[in-house]
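Visitor: If it helps, the file is called protein17.cif and holds mmCIF, C-alpha atoms:
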data_final
loop_
_atom_site.label_atom_id
_atom_site.label_comp_id
_atom_site.auth_asym_id
_atom_site.auth_seq_id
_atom_site.Cartn_x
_atom_site.Cartn_y
_atom_site.Cartn_z
CA MET A 100 144.01 41.92 85.05
CA THR A 101 141.67 41.73 88.04
CA TYR A 102 139.58 44.62 89.35
CA GLN A 103 141.73 44.71 92.48
CA GLN A 104 144.97 44.92 90.53
CA ALA A 105 143.55 47.60 88.25
CA TYR A 106 142.60 49.76 91.22
CA LEU A 107 145.96 49.25 92.94
CA ASP A 108 147.89 50.04 89.76
CA GLY A 109 145.85 53.23 89.32
CA LYS A 110 146.50 54.32 92.89
CA LYS A 111 150.24 53.64 92.55
CA TYR A 112 150.42 55.61 89.31
CA LEU A 113 148.75 58.61 90.93
CA GLN A 114 151.02 58.36 93.98
CA GLU A 115 154.10 58.43 91.78
CA ALA A 116 152.62 61.34 89.78
CA GLY A 117 152.33 63.41 92.98
CA THR A 118 148.52 63.56 93.10
CA ASP A 119 147.24 64.89 96.43
CA SER A 120 144.69 62.12 97.10
CA PRO A 121 145.69 59.10 95.00
CA ALA A 122 143.53 56.52 96.78
CA PHE A 123 140.38 58.66 96.63
CA ASP A 124 140.93 59.71 93.02
CA ALA A 125 141.71 56.17 91.87
CA LEU A 126 138.55 54.85 93.54
CA GLN A 127 136.40 57.61 92.02
CA LEU A 128 137.70 56.87 88.54
CA PHE A 129 137.41 53.13 89.16
CA SER A 130 133.75 53.52 90.16
CA HIS A 131 133.14 55.77 87.14
CA CYS A 132 134.52 53.19 84.69
CA PHE A 133 133.42 49.91 86.26
CA PHE A 134 130.22 51.03 88.04
CA MET A 135 131.53 49.50 91.24
CA ASP A 136 131.99 51.13 94.66
CA ARG A 137 134.42 50.14 97.41
CA GLN A 138 132.12 47.38 98.64
CA GLY A 139 131.79 46.00 95.12
CA LEU A 140 135.56 46.08 94.74
CA ALA A 141 135.91 44.05 97.95
CA ILE A 142 133.42 41.46 96.72
CA HIS A 143 134.44 41.20 93.06
CA GLY A 144 138.08 42.27 93.25
CA ALA A 145 139.46 38.88 92.17
CA GLN A 146 137.41 38.84 88.95
CA GLU A 147 138.92 39.82 85.63
CA ALA A 148 138.24 43.40 84.51
CA PRO A 149 136.68 43.87 81.03
CA ALA A 150 139.26 45.04 78.50
CA THR A 151 137.30 48.04 77.15
CA GLU A 152 136.54 49.50 80.58
CA LEU A 153 140.09 48.77 81.71
CA ALA A 154 141.54 50.74 78.79
CA ARG A 155 139.24 53.68 79.61
CA TYR A 156 140.21 53.55 83.29
CA ARG A 157 143.91 53.58 82.46
CA ASP A 158 143.42 56.56 80.15
CA LEU A 159 141.60 58.54 82.86
CA ILE A 160 144.25 57.63 85.42
CA ARG A 161 146.91 58.90 83.02
CA GLN A 162 145.06 62.19 82.51
CA ARG A 163 144.60 62.62 86.26
CA GLY A 164 148.31 62.00 86.79
CA GLU A 165 149.03 64.75 84.27
CA GLY A 166 147.00 67.21 86.36
CA ARG A 167 143.57 67.23 84.72
CA PRO A 168 141.00 67.85 87.49
CA LEU A 169 139.18 64.77 88.77
CA GLN A 170 135.85 66.58 88.41
CA TYR A 171 136.42 67.18 84.70
CA LEU A 172 137.26 63.51 84.19
CA LEU A 173 134.07 62.45 85.97
CA ALA A 174 132.12 65.16 84.06
CA GLU A 175 130.12 65.94 87.19
CA TRP A 176 130.46 66.93 90.83
CA GLU A 177 128.13 67.23 93.80
CA PHE A 178 127.43 70.54 95.52
CA MET A 179 125.09 70.79 98.51
CA GLY A 180 123.80 67.32 97.69
CA LEU A 181 122.90 68.37 94.13
CA PRO A 182 124.45 67.03 90.90
CA PHE A 183 126.32 69.47 88.66
CA SER A 184 127.71 68.79 85.22
CA VAL A 185 131.22 70.22 84.87
CA GLY A 186 134.00 70.20 82.31
CA GLU A 187 136.55 72.33 80.51
CA GLY A 188 135.65 76.00 80.68
CA VAL A 189 133.65 76.12 83.91
CA LEU A 190 134.74 76.61 87.51
CA ILE A 191 134.37 73.47 89.62
CA PRO A 192 131.84 73.85 92.49
CA ARG A 193 133.62 73.68 95.84
CA GLU A 194 132.47 73.10 99.37
CA ASP A 195 133.73 76.57 100.38
CA THR A 196 131.07 78.18 98.21
CA GLU A 197 128.34 76.61 100.33
CA VAL A 198 129.18 79.26 102.96
CA VAL A 199 128.02 82.15 100.76
CA VAL A 200 124.87 80.25 99.72
CA ARG A 201 123.85 79.49 103.28
CA GLU A 202 124.68 82.98 104.53
CA CYS A 203 122.58 84.57 101.80
CA ALA A 204 119.72 82.15 102.53
CA ARG A 205 119.85 83.00 106.25
CA ARG A 206 119.65 86.70 105.48
CA LEU A 207 116.63 86.09 103.23
CA SER A 208 114.81 83.64 105.49
CA GLY A 209 112.00 86.12 106.33
CA ILE A 210 111.10 86.80 102.69
CA LYS A 211 108.64 84.40 101.05
CA ARG A 212 109.57 85.00 97.41
CA PRO A 213 112.98 86.67 97.30
CA VAL A 214 114.24 87.99 93.97
CA VAL A 215 117.96 87.23 93.66
CA LEU A 216 120.73 88.01 91.19
CA ASP A 217 123.57 85.49 90.94
CA LEU A 218 126.54 87.23 89.29
CA CYS A 219 129.44 85.28 87.73
CA ALA A 220 127.13 82.27 87.91
CA GLY A 221 129.43 79.70 86.28
CA SER A 222 127.93 76.23 86.72
CA GLY A 223 124.97 77.73 88.58
CA ALA A 224 126.01 76.39 91.97
CA VAL A 225 125.12 79.55 93.93
CA GLY A 226 121.76 80.24 92.30
CA ILE A 227 120.61 76.63 92.20
CA GLY A 228 121.87 76.08 95.75
CA LEU A 229 119.87 79.09 96.95
CA CYS A 230 116.70 77.83 95.29
CA SER A 231 117.17 74.46 97.00
CA LEU A 232 117.18 76.24 100.38
CA LEU A 233 114.51 78.84 99.58
CA PRO A 234 111.57 77.21 97.78
CA GLY A 235 110.06 80.58 96.85
CA ALA A 236 113.23 82.16 95.49
CA GLN A 237 113.47 83.47 91.92
CA VAL A 238 117.06 83.75 90.65
CA THR A 239 118.54 85.42 87.58
CA ALA A 240 121.96 83.90 86.89
CA VAL A 241 124.39 86.00 84.86
CA GLU A 242 127.38 84.45 83.08
CA LEU A 243 129.68 85.77 80.34
CA SER A 244 131.63 82.71 79.18
CA ASP A 245 130.14 80.69 76.32
CA GLN A 246 131.40 77.41 77.75
CA ALA A 247 130.29 78.11 81.32
CA TYR A 248 126.90 79.33 80.11
CA GLY A 249 126.29 75.96 78.48
CA TYR A 250 126.91 74.22 81.80
CA LEU A 251 124.69 76.75 83.58
CA VAL A 252 121.76 75.93 81.28
CA GLU A 253 122.40 72.18 81.60
CA ASN A 254 122.54 72.29 85.40
CA ILE A 255 119.33 74.29 85.65
CA ARG A 256 117.65 71.55 83.61
CA ARG A 257 119.36 68.75 85.48
CA ASN A 258 118.20 70.07 88.86
CA GLN A 259 114.69 70.82 87.58
CA MET A 260 115.05 74.56 88.24
CA GLU A 261 113.60 75.79 84.93
CA GLY A 262 111.46 78.85 85.59
CA ARG A 263 113.10 79.44 88.96
CA VAL A 264 116.67 80.07 87.81
CA ILE A 265 116.78 82.17 84.65
CA PRO A 266 120.14 82.18 82.80
CA ILE A 267 121.24 85.29 80.92
CA ARG A 268 124.45 86.27 79.19
CA GLY A 269 126.22 89.34 80.52
CA ASP A 270 129.45 90.99 81.62
CA ILE A 271 129.05 92.18 85.20
CA LEU A 272 131.87 94.70 84.75
CA ARG A 273 129.96 96.46 81.94
CA ASP A 274 126.33 95.38 81.61
CA PHE A 275 124.90 97.27 84.57
CA SER A 276 121.48 97.66 82.95
CA LEU A 277 120.64 93.96 83.03
CA VAL A 278 118.19 94.62 85.89
CA SER A 279 116.51 97.78 87.15
CA ASN A 280 117.56 99.64 90.28
CA HIS A 281 115.98 98.86 93.65
CA THR A 282 114.29 95.64 92.46
CA LEU A 283 116.34 92.91 94.12
CA ASP A 284 116.17 91.29 97.53
CA ALA A 285 119.70 89.93 97.17
CA VAL A 286 122.84 89.87 95.05
CA ALA A 287 125.02 86.80 95.54
CA SER A 288 128.32 86.10 93.85
CA ASN A 289 131.38 83.90 93.78
CA PRO A 290 133.43 86.26 91.59
CA PRO A 291 136.98 85.88 90.28
CA TYR A 292 139.22 86.96 93.16
CA ILE A 293 142.76 85.66 92.55
CA PRO A 294 145.26 88.52 92.00
CA SER A 295 146.54 88.33 88.43
CA GLY A 296 150.14 87.88 89.54
CA ASP A 297 149.27 84.85 91.69
CA LEU A 298 147.68 82.78 88.93
CA THR A 299 150.90 81.08 87.82
CA GLY A 300 151.52 79.87 91.38
CA LEU A 301 148.21 78.05 91.72
CA GLN A 302 147.97 74.25 91.86
CA ARG A 303 148.30 72.68 88.44
CA GLU A 304 144.70 71.41 88.65
CA VAL A 305 143.37 74.90 89.37
CA GLN A 306 145.34 76.27 86.43
CA ARG A 307 143.27 73.95 84.21
CA GLU A 308 140.14 75.86 85.23
CA PRO A 309 139.13 78.94 83.19
CA ARG A 310 141.27 82.01 83.83
CA MET A 311 138.14 84.14 83.37
CA ALA A 312 136.67 82.57 86.52
CA LEU A 313 139.84 83.12 88.57
CA ASP A 314 141.47 86.43 87.61
CA GLY A 315 140.26 89.22 89.89
CA GLY A 316 142.63 91.88 88.56
CA MET A 317 145.90 93.22 89.93
CA ASP A 318 144.84 93.09 93.57
CA GLY A 319 142.02 90.56 93.21
CA LEU A 320 139.34 93.13 94.06
CA ASP A 321 138.08 94.32 90.65
CA PHE A 322 134.79 92.43 90.85
CA TYR A 323 134.14 93.45 94.46
CA ARG A 324 134.47 97.10 93.45
CA ALA A 325 131.90 96.59 90.70
CA LEU A 326 129.60 94.69 93.03
CA THR A 327 129.63 97.24 95.83
CA ARG A 328 129.68 100.39 93.67
CA ARG A 329 127.48 99.46 90.71
CA TRP A 330 125.35 96.47 91.61
CA SER A 331 124.47 97.54 95.16
CA ILE A 332 121.98 100.10 93.82
CA LYS A 333 119.98 97.24 92.29
CA LEU A 334 119.02 96.19 95.82
CA LYS A 335 115.85 97.18 97.60
CA PRO A 336 116.33 98.97 100.94
CA GLY A 337 117.48 96.28 103.34
CA GLY A 338 118.56 94.05 100.46
CA VAL A 339 121.34 91.50 100.95
CA MET A 340 124.71 91.29 99.24
CA ALA A 341 126.76 88.16 99.93
CA VAL A 342 130.07 87.31 98.23
CA GLU A 343 132.70 84.63 98.46
CA ILE A 344 136.21 85.91 99.17
CA GLY A 345 139.74 84.61 98.96
CA ILE A 346 142.29 84.19 101.73
CA HIS A 347 143.41 87.51 103.28
CA GLN A 348 140.65 89.48 101.53
CA ALA A 349 138.16 89.82 104.39
CA GLU A 350 139.35 93.22 105.58
CA ALA A 351 139.60 94.79 102.12
CA VAL A 352 136.22 93.49 100.94
CA SER A 353 134.53 94.48 104.21
CA GLU A 354 135.90 97.99 103.76
CA LEU A 355 134.40 98.15 100.25
CA PHE A 356 131.04 97.14 101.75
CA HIS A 357 131.30 99.88 104.39
CA GLN A 358 132.29 102.49 101.80
CA ALA A 359 129.18 101.60 99.79
CA GLY A 360 127.01 102.16 102.86
CA PHE A 361 126.24 98.55 103.77
CA GLN A 362 125.13 97.91 107.32
CA GLY A 363 125.39 94.78 109.46
CA VAL A 364 128.49 93.66 107.59
CA ARG A 365 129.49 90.14 108.59
CA ILE A 366 132.49 87.94 107.84
CA ILE A 367 131.68 84.21 107.85
CA PRO A 368 134.40 81.51 107.99
CA ASP A 369 134.42 78.19 106.17
CA LEU A 370 134.79 74.81 107.91
CA ALA A 371 138.56 75.35 108.15
CA GLY A 372 138.02 78.65 109.99
CA ILE A 373 139.20 80.74 107.02
CA PRO A 374 137.10 83.89 106.33
CA ARG A 375 135.14 82.90 103.24
CA THR A 376 132.10 85.17 102.90
CA VAL A 377 131.32 88.84 103.43
CA SER A 378 127.67 89.91 103.58
CA GLY A 379 125.78 93.06 104.41
CA LEU A 380 122.45 94.89 104.16
CA TYR A 381 122.00 97.80 101.79
CA PRO A 382 120.18 100.75 103.36
CA GLY A 383 119.05 102.25 100.03
#
What is this file in C-alpha cells?

Guide:
Amino acid sequence: MTYQQAYLDGKKYLQEAGTDSPAFDALQLFSHCFFMDRQGLAIHGAQEAPATELARYRDLIRQRGEGRPLQYLLAEWEFMGLPFSVGEGVLIPREDTEVVVRECARRLSGIKRPVVLDLCAGSGAVGIGLCSLLPGAQVTAVELSDQAYGYLVENIRRNQMEGRVIPIRGDILRDFSLVSNHTLDAVASNPPYIPSGDLTGLQREVQREPRMALDGGMDGLDFYRALTRRWSIKLKPGGVMAVEIGIHQAEAVSELFHQAGFQGVRIIPDLAGIPRTVSGLYPG
C-alpha cells in the first residue's frame, strides 16, 4: 500500500466513524507514524509504506474511530507554542485556557517576581504558560490525581521550568494550609466546572478524559466556591484571582467573586466570543 492510499483509507475510516475532523486527524496520525508532513505526503505519496509503520497507523486510526482522543494517541499536544506530554488520566490542554493565562499575566505585568498558585494544575499548562509570559514568575502547581501529577512533573522538566514551577500534591477542596495567608500575588485555576448531571452528555472524546478534572459538583460551582471563599485569603492586598469558566457560568462565578470582596471583576471572552475567564483583585 502506498503512503497516499494509507492516508486516504485512514481519512475514510474516520469519516465513516463520525469523527469531527477526519482529514486533520488522519494527517496528524499519519505524520506521527511515518514522520512525514503534508508536503512529504505530496512528494512521496506514490511510494510503498513500510509494513510495521502501516500496521501502527491502522491501529491508531482504529482507536481514534472508537473515540480515543487524538491528543492521547499522539501522546503530546501544543499549548501556547509549548510542548505538553498528555495521556490517560490528565486533562488535555485547550486553546480556551490560554485566555485565563494571558489575563492573569496582564494583571501581573507590573510585578517583577510574582508568586503564583496554580490550583488543579493537571498537565501544568496554566503554570508553565504563565512562566513563559512572565520570566520572573514563581509558580506552585497543586494537583491531586496521581496520573495527572506524573504528567505535571514531566512537563515541568520538558519545558525546562524546574525551580520556577514547583509541583505539589494536594486537594484544593480540603488542603487549605498548603500556603500561608496573604503571601500570593495571584491564584490561577482551570478547575473542574461541568455540572455532574451533564457529564454523560459530553462528547465521547471528552468522556475519555478524567472525571476528576471535569466534575464541578451538582451545579458546576463547587471549586469556584472554594477558590473565592478559602483560597482568596492567600492573596496579598491587590492580589489577582483568575479562573477559567464554562458556558453560562460567567454571571454565577462573577457573583461569587463579588461576594468574596473582589474588585475590578472582569469577564474575558475566548476567540469564539464565549465568556471564558473571570478575574478580579482581592482588597485584603

Visitor: Show which residues sit within 9 Å of Pro290 in chain A, as a list in words. Count only C-alpha atoms, and ignore same-chain residues fewer than 6 positions away.

Guide: Leu218, Cys219, Ala220, Ala312, Leu313, Asp314, Gly315, Phe322, Tyr323, Val342, Glu343 and Ile344 of chain A

Visitor: Restricted to C-alpha atoms, what would the selected residues look like written as a PDB file, in the coordinates of the input?

Guide:
ATOM      1  CA  LEU A 218     126.540  87.230  89.290  1.00  0.00           C
ATOM      2  CA  CYS A 219     129.440  85.280  87.730  1.00  0.00           C
ATOM      3  CA  ALA A 220     127.130  82.270  87.910  1.00  0.00           C
ATOM      4  CA  ALA A 312     136.670  82.570  86.520  1.00  0.00           C
ATOM      5  CA  LEU A 313     139.840  83.120  88.570  1.00  0.00           C
ATOM      6  CA  ASP A 314     141.470  86.430  87.610  1.00  0.00           C
ATOM      7  CA  GLY A 315     140.260  89.220  89.890  1.00  0.00           C
ATOM      8  CA  PHE A 322     134.790  92.430  90.850  1.00  0.00           C
ATOM      9  CA  TYR A 323     134.140  93.450  94.460  1.00  0.00           C
ATOM     10  CA  VAL A 342     130.070  87.310  98.230  1.00  0.00           C
ATOM     11  CA  GLU A 343     132.700  84.630  98.460  1.00  0.00           C
ATOM     12  CA  ILE A 344     136.210  85.910  99.170  1.00  0.00           C
TER      13      ILE A 344
END

Visitor: Run the PyMOL selection byres ((chain A and resi 172) around 12) against the file shown and list the residues it catches, as a PyMOL selection string.

Guide: chain A and resi 124-125+127-129+131-132+155-156+158-171+173-176+184-187+191+304

Visitor: Report as a PDB file with C-alpha atoms, in the coordinates of the input the residues that result from applying the PyMOL selection byres ((chain A and resi 265) around 8) to the structure here.

Guide:
ATOM      1  CA  VAL A 238     117.060  83.750  90.650  1.00  0.00           C
ATOM      2  CA  THR A 239     118.540  85.420  87.580  1.00  0.00           C
ATOM      3  CA  ALA A 240     121.960  83.900  86.890  1.00  0.00           C
ATOM      4  CA  GLU A 261     113.600  75.790  84.930  1.00  0.00           C
ATOM      5  CA  GLY A 262     111.460  78.850  85.590  1.00  0.00           C
ATOM      6  CA  ARG A 263     113.100  79.440  88.960  1.00  0.00           C
ATOM      7  CA  VAL A 264     116.670  80.070  87.810  1.00  0.00           C
ATOM      8  CA  PRO A 266     120.140  82.180  82.800  1.00  0.00           C
ATOM      9  CA  ILE A 267     121.240  85.290  80.920  1.00  0.00           C
TER      10      ILE A 267
END

Visitor: Decode the PyMOL selection byres ((chain A and resi 107) around 12) for the given file into explicit residues and return them as a list of chain:residue names.

Guide: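 So the PyMOL selection byres ((chain A and resi 107) around 12), applied here, picks out A:Met100, A:Thr101, A:Tyr102, A:Gln103, A:Gln104, A:Ala105, A:Tyr106, A:Asp108, A:Gly109, A:Lys110, A:Lys111, A:Tyr112, A:Leu113, A:Gln114, A:Pro121, A:Ala122, A:Phe123, A:Asp124, A:Ala125, A:Leu126, A:Phe129, A:Leu140, A:Gly144, A:Arg157, A:Ile160.
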
Visitor: Quick one: everything within 8 Å of range 351-366 of chain A, counting only C-alpha atoms, minus sequence neighbours fewer than 2 positions away in the same chain. Send it as a list of chain:residue names.

Guide: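 The residues satisfying every condition are A:Leu320, A:Tyr323, A:Arg324, A:Thr327, A:Arg328, A:Ser331, A:Ile344, A:Gln348, A:Ala349, A:Pro368, A:Pro374, A:Arg375, A:Thr376, A:Val377, A:Ser378, A:Gly379, A:Leu380, A:Tyr381, A:Pro382.
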
Visitor: Residues as selected, C-alpha atoms, written as a tab-separated table (two decimals), in the frame of the given file, can you do that?

Guide:
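result.tsv was written with the following content:
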chain	number	residue	atom	x	y	z
A	320	LEU	CA	139.34	93.13	94.06
A	323	TYR	CA	134.14	93.45	94.46
A	324	ARG	CA	134.47	97.10	93.45
A	327	THR	CA	129.63	97.24	95.83
A	328	ARG	CA	129.68	100.39	93.67
A	331	SER	CA	124.47	97.54	95.16
A	344	ILE	CA	136.21	85.91	99.17
A	348	GLN	CA	140.65	89.48	101.53
A	349	ALA	CA	138.16	89.82	104.39
A	368	PRO	CA	134.40	81.51	107.99
A	374	PRO	CA	137.10	83.89	106.33
A	375	ARG	CA	135.14	82.90	103.24
A	376	THR	CA	132.10	85.17	102.90
A	377	VAL	CA	131.32	88.84	103.43
A	378	SER	CA	127.67	89.91	103.58
A	379	GLY	CA	125.78	93.06	104.41
A	380	LEU	CA	122.45	94.89	104.16
A	381	TYR	CA	122.00	97.80	101.79
A	382	PRO	CA	120.18	100.75	103.36

Visitor: If I take CA of Asp369 in chain A and CA of Glu197 in chain A, how far is one from the other in Å, to one decimal?

Guide: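 About the pair CA of Asp369 in chain A and CA of Glu197 in chain A: they are 8.6 Å apart.
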
Visitor: Give me the residues within 10 Å of Leu181 in chain A as a list in words, counting all atoms listed in the file and dropping any in the same chain fewer than 5 places off.

Guide: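 Counting all atoms listed in the file, the residues come to Trp176, Ala224, Ile227, Gly228, Ser231, Asn254, Arg257 and Asn258 of chain A.
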
Visitor: Point out the residue among A:Gly235, A:Gly319, A:Gly139, A:Gly300 with the least atom-to-atom distance to Ile210 in chain A, counting only C-alpha atoms.

Guide: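 Between A:Gly235, A:Gly319, A:Gly139, A:Gly300, the residue approaching Ile210 in chain A most closely is A:Gly235.
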
Visitor: Find, counting all atoms listed in the file, the residue in A:Glu152, A:Glu350, A:Glu242, A:Asp284 that gets nearest to Val189 in chain A.

Guide: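 When distances to Val189 in chain A are compared using all atoms listed in the file, the smallest one comes from A:Glu242.
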
Visitor: Near Lys211 in chain A, counting only C-alpha atoms, which residues have an atom at most 12 Å away, once you skip same-chain residues fewer than 2 positions from it, shown as number ranges by chain?

Guide: A: 204, 207-209, 213-214, 230, 232-237, 284

Visitor: When distances are computed from only C-alpha atoms, which of A:His143, A:Arg206, A:Arg212, A:Arg273 shows the smallest separation from Val339 in chain A?

Guide: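 With only C-alpha atoms as the atom set, the closest residue is A:Arg206.
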
Visitor: Mind working out the centre and edge lengths of an axis-aligned box for range 219-228 of chain A, all listed atoms inside, 6 Å added to each side, rounded to one decimal in Å and written as AutoDock Vina command-line options?

Guide:
--center_x 125.0 --center_y 80.7 --center_z 91.0 --size_x 20.8 --size_y 21.2 --size_z 21.5

Visitor: Would you work out the distance separating CA of Gly383 in chain A from CA of Arg205 in chain A, expressed in Å to one decimal?

Guide: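 Taking CA of Gly383 in chain A and CA of Arg205 in chain A, their separation equals 20.2 Å.
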
Visitor: Go through A:Ala341, A:Gln302, A:Ser279, A:Ala145 one by one, measure the shortest atom-to-atom distance of each to Val225 in chain A using all atoms listed in the file, and give the residue with the smallest value.

Guide: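 Among the listed residues, A:Ala341 lies closest to Val225 in chain A.
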
Visitor: Identify which of the residues A:Ile332, A:Leu251, A:Val278, A:Leu153 lies closest to Ser222 in chain A, counting only C-alpha atoms when measuring atom-to-atom distances.

Guide: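 Distance minimum relative to Ser222 in chain A lands on A:Leu251.
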
Visitor: Mind pulling up the distance from CA of Gly269 in chain A to CA of Asp217 in chain A?

Guide: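 Result for CA of Asp217 in chain A versus CA of Gly269 in chain A: 11.4 Å, one decimal.
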
Visitor: Identify which of the residues A:Leu272, A:Asn280, A:Leu301, A:Ala287 lies closest to Asp321 in chain A, counting only C-alpha atoms when measuring atom-to-atom distances.

Guide: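 When distances to Asp321 in chain A are compared using only C-alpha atoms, the smallest one comes from A:Leu272.
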